[in-house]
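Enquirer: My structure is in entry-v1.csv, and what it holds is CSV, C-alpha atoms:
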```csv
chain,number,residue,atom,x,y,z
A,537,MET,CA,19.5,-0.9,6.0
A,538,SER,CA,18.4,-2.5,2.8
A,539,ARG,CA,20.3,-5.6,1.8
A,540,ILE,CA,19.7,-4.9,-1.9
A,541,ASP,CA,22.0,-2.8,-4.0
A,542,ARG,CA,19.8,0.1,-5.3
A,543,SER,CA,22.5,1.5,-7.6
A,544,ILE,CA,20.6,0.1,-10.6
A,545,VAL,CA,17.6,2.4,-9.9
A,546,GLY,CA,17.3,4.9,-12.8
A,547,GLN,CA,19.4,2.7,-15.1
A,548,GLU,CA,18.0,2.5,-18.7
A,549,PHE,CA,18.3,-1.1,-20.0
A,550,ASP,CA,16.3,-1.1,-23.2
A,551,ARG,CA,15.3,1.4,-25.9
A,552,THR,CA,13.4,0.1,-28.8
A,553,THR,CA,11.7,1.9,-31.7
A,554,PHE,CA,9.1,-0.3,-33.4
A,555,SER,CA,7.9,-0.5,-37.0
A,556,PRO,CA,4.8,1.7,-37.6
A,557,VAL,CA,1.7,0.2,-36.0
A,558,THR,CA,-0.7,-1.4,-38.5
A,559,ALA,CA,-4.4,-1.8,-38.3
A,560,GLU,CA,-3.8,-5.5,-38.7
A,561,GLN,CA,-1.6,-5.5,-35.6
A,562,ILE,CA,-4.4,-3.8,-33.6
A,563,VAL,CA,-7.0,-6.3,-34.8
A,564,ALA,CA,-4.7,-9.2,-34.0
A,565,TYR,CA,-4.2,-8.0,-30.5
A,566,ALA,CA,-7.9,-7.3,-29.9
A,567,THR,CA,-8.9,-10.6,-31.3
A,568,ALA,CA,-6.4,-12.5,-29.2
A,569,ALA,CA,-7.8,-10.7,-26.2
A,570,GLY,CA,-11.3,-12.0,-27.0
A,571,GLU,CA,-12.6,-8.7,-28.4
A,572,THR,CA,-15.6,-9.0,-30.7
A,573,ASP,CA,-16.6,-5.3,-31.1
A,574,PRO,CA,-16.1,-4.4,-34.8
A,575,ARG,CA,-14.4,-1.2,-33.7
A,576,TRP,CA,-11.4,-3.3,-32.9
A,577,THR,CA,-11.9,-6.4,-35.1
A,578,VAL,CA,-12.3,-4.7,-38.5
A,579,PRO,CA,-9.1,-3.0,-39.8
A,580,ARG,CA,-9.6,0.7,-40.5
A,581,PRO,CA,-7.0,3.4,-41.0
A,582,ASP,CA,-8.6,5.6,-38.3
A,583,MET,CA,-9.1,3.0,-35.7
A,584,VAL,CA,-7.7,3.4,-32.1
A,585,ALA,CA,-5.9,0.6,-30.4
A,586,PRO,CA,-7.3,-0.9,-27.2
A,587,PRO,CA,-5.7,0.8,-24.2
A,588,THR,CA,-3.6,-2.2,-23.2
A,589,PHE,CA,-2.1,-2.6,-26.7
A,590,THR,CA,1.2,-1.3,-25.4
A,591,LEU,CA,1.6,-4.5,-23.4
A,592,SER,CA,2.1,-6.4,-26.7
A,593,LEU,CA,5.2,-4.4,-27.4
A,594,ARG,CA,8.4,-6.4,-26.8
A,595,GLY,CA,11.7,-4.7,-26.4
A,596,LYS,CA,15.1,-6.3,-26.8
A,597,HIS,CA,15.7,-6.8,-23.1
A,598,PHE,CA,13.2,-7.7,-20.4
A,599,MET,CA,15.5,-6.8,-17.5
A,600,PRO,CA,19.0,-5.4,-17.0
A,601,LYS,CA,22.0,-7.6,-17.4
A,602,ASN,CA,23.4,-6.4,-14.1
A,603,MET,CA,20.6,-7.4,-11.8
A,604,PRO,CA,21.7,-7.5,-8.1
A,605,ALA,CA,23.2,-11.0,-7.6
A,606,GLU,CA,21.6,-11.4,-4.2
A,607,LEU,CA,18.2,-11.6,-5.8
A,608,GLY,CA,18.9,-14.8,-7.6
A,609,ARG,CA,17.4,-15.4,-11.1
A,610,ASN,CA,13.9,-16.6,-10.3
A,611,GLY,CA,11.4,-13.8,-9.8
A,612,PHE,CA,7.7,-13.8,-10.7
A,613,ASP,CA,5.3,-11.3,-12.1
A,614,ALA,CA,3.8,-9.2,-9.3
A,615,GLY,CA,1.5,-7.0,-11.4
A,616,LYS,CA,1.4,-4.1,-13.7
A,617,ASP,CA,0.2,-0.5,-13.4
A,618,ILE,CA,-0.4,1.3,-16.7
A,619,GLU,CA,-0.9,5.1,-17.0
A,620,LEU,CA,-2.3,5.8,-20.3
A,621,GLY,CA,-1.6,8.9,-22.5
A,622,ALA,CA,-2.1,9.6,-26.2
A,623,ALA,CA,-4.2,7.1,-28.2
A,624,ILE,CA,-2.4,4.7,-30.6
A,625,ARG,CA,-3.5,4.7,-34.3
A,626,PRO,CA,-2.3,2.9,-37.4
A,627,GLY,CA,0.9,4.5,-38.7
A,628,ASP,CA,2.2,5.6,-35.2
A,629,VAL,CA,5.8,4.9,-34.6
A,630,LEU,CA,6.2,3.9,-31.0
A,631,THR,CA,9.4,4.0,-28.9
A,632,ALA,CA,9.7,2.2,-25.6
A,633,VAL,CA,12.4,3.1,-23.1
A,634,ALA,CA,12.7,0.7,-20.1
A,635,THR,CA,14.4,1.8,-16.9
A,636,VAL,CA,14.7,0.4,-13.4
A,637,HIS,CA,12.2,2.6,-11.5
A,638,ASP,CA,12.4,1.3,-8.0
A,639,VAL,CA,13.8,-1.5,-5.8
A,640,TYR,CA,12.3,-2.1,-2.4
A,641,GLU,CA,11.8,-4.7,0.3
A,642,LYS,CA,8.7,-5.6,2.4
A,643,THR,CA,7.7,-8.3,4.8
A,644,GLY,CA,4.5,-10.2,4.8
A,645,ARG,CA,2.9,-13.3,6.3
A,646,THR,CA,5.3,-15.5,4.3
A,647,GLY,CA,8.4,-13.6,5.0
A,648,ALA,CA,10.7,-11.0,3.3
A,649,MET,CA,10.3,-10.1,-0.3
A,650,THR,CA,12.1,-7.8,-2.7
A,651,PHE,CA,10.4,-6.0,-5.5
A,652,ILE,CA,11.9,-4.5,-8.6
A,653,VAL,CA,9.8,-2.1,-10.6
A,654,PHE,CA,10.7,-1.8,-14.3
A,655,ARG,CA,9.1,1.3,-15.9
A,656,THR,CA,8.6,1.3,-19.7
A,657,THR,CA,7.8,4.7,-21.1
A,658,VAL,CA,6.2,4.6,-24.5
A,659,THR,CA,6.1,7.6,-26.7
A,660,ASN,CA,4.9,8.2,-30.3
A,661,GLN,CA,6.5,10.0,-33.3
A,662,HIS,CA,5.2,13.3,-31.9
A,663,ASP,CA,7.1,12.8,-28.6
A,664,GLN,CA,3.7,12.4,-26.9
A,665,LEU,CA,3.5,10.1,-23.9
A,666,VAL,CA,1.5,7.0,-24.9
A,667,ALA,CA,1.9,5.1,-21.6
A,668,HIS,CA,3.9,4.5,-18.5
A,669,ILE,CA,4.0,0.7,-17.8
A,670,ASP,CA,5.2,-0.2,-14.3
A,671,GLN,CA,6.0,-3.9,-14.2
A,672,LYS,CA,6.7,-5.3,-10.8
A,673,MET,CA,8.8,-8.5,-10.3
A,674,MET,CA,9.0,-10.1,-6.9
A,675,PHE,CA,12.0,-12.1,-5.7
A,676,ARG,CA,12.6,-14.0,-2.5
B,558,MET,CA,-15.8,9.5,18.5
B,559,ILE,CA,-14.8,6.6,16.2
B,560,LEU,CA,-11.6,6.6,14.2
B,561,ASP,CA,-10.2,4.0,11.8
B,562,LEU,CA,-6.6,3.9,13.0
B,563,HIS,CA,-5.1,1.9,10.2
B,564,ALA,CA,-5.6,2.6,6.5
B,565,HIS,CA,-3.5,2.7,3.3
B,566,SER,CA,-4.1,4.9,0.4
B,567,GLU,CA,-2.6,4.6,-3.1
B,568,ALA,CA,0.5,6.2,-1.6
B,569,SER,CA,1.3,2.6,-0.4
B,570,GLU,CA,2.6,0.5,-3.2
B,571,ASP,CA,0.0,-2.3,-2.5
B,572,SER,CA,-3.1,-0.2,-2.3
B,573,ARG,CA,-5.3,1.1,-5.1
B,574,ALA,CA,-7.5,3.3,-2.9
B,575,PRO,CA,-7.5,7.1,-3.5
B,576,LEU,CA,-7.9,9.0,-0.3
B,577,GLU,CA,-10.8,11.0,-1.6
B,578,THR,CA,-12.7,7.8,-2.7
B,579,TYR,CA,-12.4,6.6,0.9
B,580,LEU,CA,-14.0,9.8,2.1
B,581,LYS,CA,-16.8,9.5,-0.5
B,582,TRP,CA,-17.4,5.9,0.5
B,583,LEU,CA,-17.6,6.8,4.2
B,584,GLN,CA,-19.9,9.7,3.4
B,585,ARG,CA,-22.3,7.4,1.5
B,586,LYS,CA,-22.1,4.6,4.1
B,587,ARG,CA,-22.5,6.8,7.1
B,588,ASP,CA,-25.5,4.8,8.4
B,589,LEU,CA,-23.5,1.6,8.2
B,590,LEU,CA,-20.1,2.9,9.2
B,591,PRO,CA,-20.2,5.8,11.7
B,592,ILE,CA,-16.6,6.7,11.2
B,593,ASP,CA,-15.6,10.2,12.3
B,594,GLY,CA,-12.1,10.0,10.9
B,595,ILE,CA,-9.3,7.9,9.5
B,596,VAL,CA,-5.6,7.6,10.1
B,597,LEU,CA,-3.5,7.0,7.0
B,598,THR,CA,-0.6,4.7,7.9
B,599,GLU,CA,1.3,4.2,4.7
B,600,HIS,CA,3.8,1.4,4.4
B,601,ARG,CA,7.5,2.3,5.2
B,602,GLN,CA,7.2,6.0,4.5
B,603,TRP,CA,6.3,9.5,5.8
B,604,ASP,CA,5.5,12.4,3.6
B,605,PRO,CA,6.2,15.6,5.6
B,606,HIS,CA,4.4,17.8,3.0
B,607,ALA,CA,1.0,16.0,2.8
B,608,ASP,CA,-1.8,18.3,3.8
B,609,TYR,CA,-5.4,17.0,3.7
B,610,ARG,CA,-7.2,19.9,5.4
B,611,GLU,CA,-9.1,20.9,2.3
B,612,LEU,CA,-10.4,17.3,2.0
B,613,GLU,CA,-11.3,17.2,5.7
B,614,ASP,CA,-13.3,20.3,5.4
B,615,ARG,CA,-15.1,19.2,2.2
B,616,TYR,CA,-16.1,15.8,3.6
B,617,GLY,CA,-16.4,16.5,7.3
B,618,ILE,CA,-14.1,13.5,8.1
B,619,ARG,CA,-11.0,13.9,10.2
B,620,ILE,CA,-7.8,12.8,8.4
B,621,LEU,CA,-4.8,12.1,10.5
B,622,ARG,CA,-1.5,10.5,9.5
B,623,GLY,CA,0.9,7.9,10.9
B,624,ALA,CA,3.1,5.3,9.4
B,625,GLU,CA,3.4,1.5,9.3
B,626,VAL,CA,7.0,0.3,9.7
B,627,GLU,CA,8.6,-3.2,9.7
B,628,THR,CA,10.7,-4.5,12.5
B,629,ASP,CA,12.2,-7.6,14.0
B,630,TYR,CA,9.0,-8.1,15.9
B,631,GLY,CA,6.7,-7.5,13.0
B,632,HIS,CA,4.8,-4.5,11.8
B,633,ILE,CA,4.4,-1.4,14.0
B,634,LEU,CA,2.1,1.6,13.6
B,635,ILE,CA,3.7,4.9,14.5
B,636,TYR,CA,1.4,7.8,15.6
B,637,GLY,CA,2.8,11.3,16.1
B,638,VAL,CA,5.5,11.0,13.5
B,639,ASN,CA,7.8,14.1,13.5
B,640,ASP,CA,11.1,15.1,11.9
B,641,ASP,CA,13.1,13.8,14.8
B,642,MET,CA,11.6,10.3,14.2
B,643,THR,CA,12.3,10.4,10.5
B,644,ARG,CA,15.9,11.5,11.2
B,645,ARG,CA,16.3,8.7,13.8
B,646,PHE,CA,14.8,5.9,11.7
B,647,ASP,CA,14.9,4.9,8.0
B,648,PHE,CA,11.2,4.0,7.6
B,649,ALA,CA,12.0,2.0,4.4
B,650,ASN,CA,14.2,-0.4,6.4
B,651,VAL,CA,12.3,-3.6,6.9
B,652,ARG,CA,14.6,-4.7,9.7
B,653,LEU,CA,14.2,-2.0,12.2
B,654,ALA,CA,14.8,-3.0,15.9
B,655,ALA,CA,11.3,-3.0,17.5
B,656,GLN,CA,12.5,-2.1,20.9
B,657,GLU,CA,14.3,0.9,19.6
B,658,VAL,CA,11.2,2.0,17.7
B,659,VAL,CA,8.9,1.6,20.7
B,660,SER,CA,11.3,3.4,23.1
B,661,GLU,CA,12.5,6.1,20.8
B,662,VAL,CA,9.1,7.0,19.4
B,663,ALA,CA,7.8,7.4,22.9
B,664,ARG,CA,10.8,9.5,23.8
B,665,LEU,CA,10.3,11.7,20.8
B,666,GLY,CA,6.6,12.3,21.6
B,667,GLY,CA,4.7,9.6,19.7
B,668,VAL,CA,3.2,6.1,20.2
B,669,ALA,CA,4.5,2.9,18.5
B,670,ALA,CA,1.8,0.2,18.5
B,671,PRO,CA,2.3,-3.3,17.0
B,672,CYS,CA,-0.4,-4.0,14.4
B,673,HIS,CA,-2.1,-7.3,13.5
B,674,PRO,CA,-0.2,-9.1,16.3
B,675,GLY,CA,-1.9,-12.4,15.5
B,676,ARG,CA,-0.6,-12.5,11.9
B,677,PRO,CA,2.2,-15.1,11.1
B,678,THR,CA,5.7,-13.8,10.6
B,679,ILE,CA,4.8,-10.1,10.9
B,680,GLY,CA,2.8,-10.2,14.1
B,681,LEU,CA,3.9,-9.8,17.7
B,682,CYS,CA,2.4,-13.0,19.0
B,683,GLU,CA,4.6,-15.2,16.9
B,684,HIS,CA,7.7,-13.4,18.0
B,685,TYR,CA,6.8,-13.7,21.7
B,686,ALA,CA,6.0,-17.4,21.2
B,687,ALA,CA,9.4,-17.9,19.7
B,688,GLY,CA,10.9,-16.8,23.0
B,689,LYS,CA,12.0,-13.2,22.2
B,690,PRO,CA,11.8,-11.0,25.3
B,691,PRO,CA,8.6,-8.9,25.6
B,692,LEU,CA,9.0,-5.3,24.3
B,693,ASP,CA,9.2,-2.6,27.0
B,694,GLY,CA,6.9,0.4,26.7
B,695,VAL,CA,4.2,-0.9,24.5
B,696,VAL,CA,1.0,0.9,25.4
B,697,ALA,CA,-1.4,-0.7,23.0
B,698,VAL,CA,-1.8,-3.2,20.2
B,699,GLU,CA,-4.2,-3.5,17.3
B,700,ALA,CA,-6.5,-6.1,18.7
B,701,LEU,CA,-8.9,-5.9,15.8
B,702,ASN,CA,-7.5,-5.8,12.3
B,703,GLY,CA,-9.8,-5.7,9.3
B,704,GLY,CA,-7.4,-7.6,7.1
B,705,SER,CA,-6.8,-10.5,9.4
B,706,ARG,CA,-7.6,-14.0,8.4
B,707,LYS,CA,-9.7,-16.4,10.6
B,708,GLY,CA,-8.0,-17.0,13.9
B,709,GLU,CA,-5.5,-14.1,13.7
B,710,ASN,CA,-7.5,-11.6,15.7
B,711,GLU,CA,-8.5,-14.3,18.1
B,712,ARG,CA,-4.8,-14.8,19.1
B,713,VAL,CA,-4.5,-11.3,20.4
B,714,GLN,CA,-6.7,-11.4,23.5
B,715,ALA,CA,-4.2,-13.7,25.3
B,716,LEU,CA,-1.4,-11.3,24.5
B,717,ILE,CA,-3.4,-8.4,25.9
B,718,ASP,CA,-4.4,-10.3,29.0
B,719,ALA,CA,-0.8,-11.3,29.6
B,720,HIS,CA,0.8,-7.9,29.1
B,721,GLY,CA,-1.9,-5.4,29.9
B,722,TYR,CA,-1.8,-3.7,26.6
B,723,GLY,CA,-4.5,-1.3,25.4
B,724,ALA,CA,-6.6,-2.6,22.6
B,725,PHE,CA,-7.6,-0.7,19.5
B,726,GLY,CA,-8.9,-1.5,16.0
B,727,GLY,CA,-8.2,-0.6,12.4
B,728,SER,CA,-9.4,-1.7,9.0
B,729,ASP,CA,-6.0,-2.0,7.4
B,730,ALA,CA,-7.9,-1.1,4.3
B,731,HIS,CA,-6.1,-1.3,1.0
B,732,LEU,CA,-9.4,-1.2,-1.0
B,733,VAL,CA,-12.1,1.4,-0.8
B,734,SER,CA,-14.9,-0.9,0.3
B,735,LEU,CA,-12.9,-2.0,3.3
B,736,ILE,CA,-12.4,1.3,5.0
B,737,GLY,CA,-13.8,1.6,8.4
B,738,ILE,CA,-14.9,-2.0,8.9
B,739,CYS,CA,-12.8,-2.2,12.1
B,740,ALA,CA,-12.1,1.0,14.1
B,741,THR,CA,-11.6,2.4,17.5
B,742,GLU,CA,-14.1,4.2,19.7
B,743,PHE,CA,-12.6,6.9,21.9
B,744,ASP,CA,-14.3,8.4,25.0
B,745,ASP,CA,-12.7,11.8,24.3
B,746,ASP,CA,-12.6,13.9,21.2
B,747,VAL,CA,-9.5,13.4,19.0
B,748,ARG,CA,-8.9,16.5,17.0
B,749,SER,CA,-5.3,16.2,16.1
B,750,ILE,CA,-2.5,13.7,16.0
B,751,ASP,CA,-1.3,15.0,19.4
B,752,ASP,CA,-4.8,14.2,20.8
B,753,LEU,CA,-4.5,10.7,19.3
B,754,VAL,CA,-1.2,10.1,20.9
B,755,ALA,CA,-2.5,11.3,24.3
B,756,ALA,CA,-5.7,9.2,23.9
B,757,LEU,CA,-3.7,6.1,23.1
B,758,LYS,CA,-1.6,6.6,26.2
B,759,GLY,CA,-4.7,7.3,28.3
B,760,GLY,CA,-6.6,4.1,27.7
B,761,ARG,CA,-10.1,5.4,27.3
B,762,TYR,CA,-10.8,3.6,24.0
B,763,ARG,CA,-11.8,0.2,22.6
B,764,PRO,CA,-12.0,-1.6,19.3
B,765,VAL,CA,-15.2,-1.6,17.4
B,766,ASP,CA,-16.2,-4.1,14.7
B,767,PHE,CA,-18.5,-3.3,11.8
B,768,ARG,CA,-17.7,-6.3,9.7
B,769,GLU,CA,-20.9,-8.2,10.5
B,770,GLN,CA,-23.2,-5.3,9.7
B,771,VAL,CA,-21.4,-4.6,6.4
B,772,ARG,CA,-21.7,-8.3,5.5
B,773,ALA,CA,-25.4,-8.3,6.4
B,774,ALA,CA,-26.0,-5.1,4.3
B,775,ARG,CA,-24.2,-6.7,1.3
B,776,GLY,CA,-26.3,-9.8,1.7
B,777,ALA,CA,-29.5,-7.8,1.8
B,778,ALA,CA,-28.6,-5.8,-1.3
```
Would you mind writing the structure in this file as structure tokens?
Expert:
Amino acid sequence: MSRIDRSIVGQEFDRTTFSPVTAEQIVAYATAAGETDPRWTVPRPDMVAPPTFTLSLRGKHFMPKNMPAELGRNGFDAGKDIELGAAIRPGDVLTAVATVHDVYEKTGRTGAMTFIVFRTTVTNQHDQLVAHIDQKMMFR
Amino acid sequence: MILDLHAHSEASEDSRAPLETYLKWLQRKRDLLPIDGIVLTEHRQWDPHADYRELEDRYGIRILRGAEVETDYGHILIYGVNDDMTRRFDFANVRLAAQEVVSEVARLGGVAAPCHPGRPTIGLCEHYAAGKPPLDGVVAVEALNGGSRKGENERVQALIDAHGYGAFGGSDAHLVSLIGICATEFDDDVRSIDDLVAALKGGRYRPVDFREQVRAARGAA
């Protein structure tokens, strides 16, 4: 049996609607990422954000307040999976909803580990899916 | 025939390899990797509804399925998974009792075989060395694992010599380019998972290692 309380799976812990995306925001993100292509470094009203732009969105809470106590407080980033949907353009109003998607254990060369997957679902003002972002955190 | 007995597709949380891409890779690398089939052994799970017959027909590569579970003696591959086994064990439990897994899987018609036995923490060798009693009923171990680090496969021969286990090989691929690099050559045809279970109990097989020729081909490219 798992030693980790899985009752938090499915729990929504953050819902944030952001100000309309601006061309300047897209340029700032692309520039910070080292992009030099004018498609992303020159602001235009019809420009499309780079696919990973959604990772620059910051909600109010990074993780639930009621994390299982047995995990402790120190986890580390174990990677992200992003499923992309509709393109992001200036003027889009994005909403990010974060839930606990999964909790599981595994064992490896260095011992037992517990992973929590936080899923952020990003939609736009047309209720189109923009991205699913699965952020894994590993605790041991 | 030659089967890779240990592979993970993207159904395992730590793999990024789509099954069909494995098949395309094996089709393209046929001269280098003469693999007739693969056994998907996803981590801690069993999907009773998965059906890959259409892909088998399209690529001419046999696709069988097992599971890799986690126990108090390390990781164990289960071949011949059936409903009785999934009712008997929670495959997601990382603390399964290895002896129960080996005995019950055999009773229920399958084979449970420890994988990467030479690996620290999750390999059989370390648990035996720590003084735990040897498992009863083990018919074979994965003597050759494509994901092993230097020295890990080398530890397994002493285990086999001491306990008389059969020896097989698997790539443990989590990435497309690693499929088939270690595998098992069977003297008899293996057309189904029941054939595989029977073959593993029969002993007419051996591990085969394609890593060196893959490395040489990469070096020449």
Enquirer: With all atoms listed in the file counted, which protein, DNA or RNA residues have an atom no more than 10 Å from (-7.0, -1.2, -24.4) in the file frame? Please answer as a PyMOL selection string.
Expert: chain A and resi 562+565-566+569+576+584-591+620+623-624
Enquirer: Could you save the residues just selected, with C-alpha atoms, as a compact mmCIF listing (two decimals), in the frame of the given file?
Expert:
```
# COMPACT_ATOMS: atom_id res chain seq x y z
CA ILE A 562 -4.40 -3.80 -33.60
CA TYR A 565 -4.20 -8.00 -30.50
CA ALA A 566 -7.90 -7.30 -29.90
CA ALA A 569 -7.80 -10.70 -26.20
CA TRP A 576 -11.40 -3.30 -32.90
CA VAL A 584 -7.70 3.40 -32.10
CA ALA A 585 -5.90 0.60 -30.40
CA PRO A 586 -7.30 -0.90 -27.20
CA PRO A 587 -5.70 0.80 -24.20
CA THR A 588 -3.60 -2.20 -23.20
CA PHE A 589 -2.10 -2.60 -26.70
CA THR A 590 1.20 -1.30 -25.40
CA LEU A 591 1.60 -4.50 -23.40
CA LEU A 620 -2.30 5.80 -20.30
CA ALA A 623 -4.20 7.10 -28.20
CA ILE A 624 -2.40 4.70 -30.60
```
Enquirer: Which residue gives the smallest distance to chain A among B:Phe648, B:Phe767, B:Tyr685, B:Tyr636, with all atoms listed in the file counted?
Expert: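 Closest to chain A, using all atoms listed in the file: B:Phe648.
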Enquirer: Pick the closest to chain B from A:Asn610, A:Gln671, A:Thr553, A:Thr643: which is it, counting all atoms listed in the file?
Expert: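 When distances to chain B are compared using all atoms listed in the file, the smallest one comes from A:Thr643.
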Enquirer: Taking all atoms of segment 578-595 of chain B that the file lists and extending 5 Å past them on each side, where is the centre of the axis-aligned box and how long are its edges? Answer in Å to one decimal, as lines of an AutoDock Vina configuration file.
Expert:
```
center_x = -17.4
center_y = 5.9
center_z = 4.8
size_x = 26.2
size_y = 18.6
size_z = 25.0
```
Enquirer: Sort by chain and increasing residue number a table of all residues of chain B within 7 Å of chain A, each with its closest pair of atoms and their distance in Å to one decimal, counting all atoms listed in the file, and write it as CSV.
Expert:
```
residue,atom,partner,partner_atom,distance
B:Asn650,CA,A:Met537,CA,5.3
B:Val651,CA,A:Lys642,CA,6.1
B:Arg676,CA,A:Arg645,CA,6.7
B:Pro677,CA,A:Arg645,CA,5.2
B:Thr678,CA,A:Arg645,CA,5.2
B:Ile679,CA,A:Arg645,CA,5.9
```
Enquirer: Could you tell me how far atom CA of Arg664 of chain B sits from atom CA of Gly680 of chain B, in Å to one decimal place?
Expert: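 Answer for the atom CA of Gly680 of chain B to atom CA of Arg664 of chain B separation: 23.4 Å.
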Enquirer: Which is closest to Ile750 of chain B among B:Leu621, B:Leu580, B:His563, B:Tyr616, if we use all atoms listed in the file?
Expert: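 Counting all atoms listed in the file, the residue closest to Ile750 of chain B is B:Leu621.
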Enquirer: Step by step: locate segment 611-642 of chain A in the block above, keep C-alpha atoms, then write the file as a CSV table (one decimal), in the first residue's frame.
Expert:
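The resulting result_15.csv:
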```csv
chain,number,residue,atom,x,y,z
A,611,GLY,CA,11.0,18.8,-3.0
A,612,PHE,CA,12.7,19.5,-6.3
A,613,ASP,CA,11.7,20.0,-9.9
A,614,ALA,CA,11.5,16.7,-11.7
A,615,GLY,CA,10.5,18.0,-15.1
A,616,LYS,CA,7.6,19.4,-17.1
A,617,ASP,CA,5.5,18.0,-19.9
A,618,ILE,CA,3.5,20.5,-21.9
A,619,GLU,CA,0.7,19.7,-24.3
A,620,LEU,CA,0.1,22.7,-26.5
A,621,GLY,CA,-3.3,23.8,-27.8
A,622,ALA,CA,-4.5,27.1,-29.3
A,623,ALA,CA,-1.9,29.8,-30.1
A,624,ILE,CA,-1.4,32.8,-27.8
A,625,ARG,CA,-1.7,36.3,-29.4
A,626,PRO,CA,-1.7,39.8,-28.0
A,627,GLY,CA,-5.0,40.6,-26.4
A,628,ASP,CA,-5.7,37.0,-25.3
A,629,VAL,CA,-7.0,36.7,-21.7
A,630,LEU,CA,-5.6,33.5,-20.2
A,631,THR,CA,-6.9,31.6,-17.2
A,632,ALA,CA,-4.7,29.0,-15.5
A,633,VAL,CA,-6.3,26.4,-13.2
A,634,ALA,CA,-3.9,24.3,-11.2
A,635,THR,CA,-4.9,20.9,-9.7
A,636,VAL,CA,-3.1,18.0,-8.1
A,637,HIS,CA,-3.1,15.5,-11.0
A,638,ASP,CA,-1.2,12.5,-9.6
A,639,VAL,CA,0.8,11.3,-6.6
A,640,TYR,CA,2.9,8.2,-7.0
A,641,GLU,CA,5.9,6.4,-5.6
A,642,LYS,CA,8.7,4.7,-7.3
```
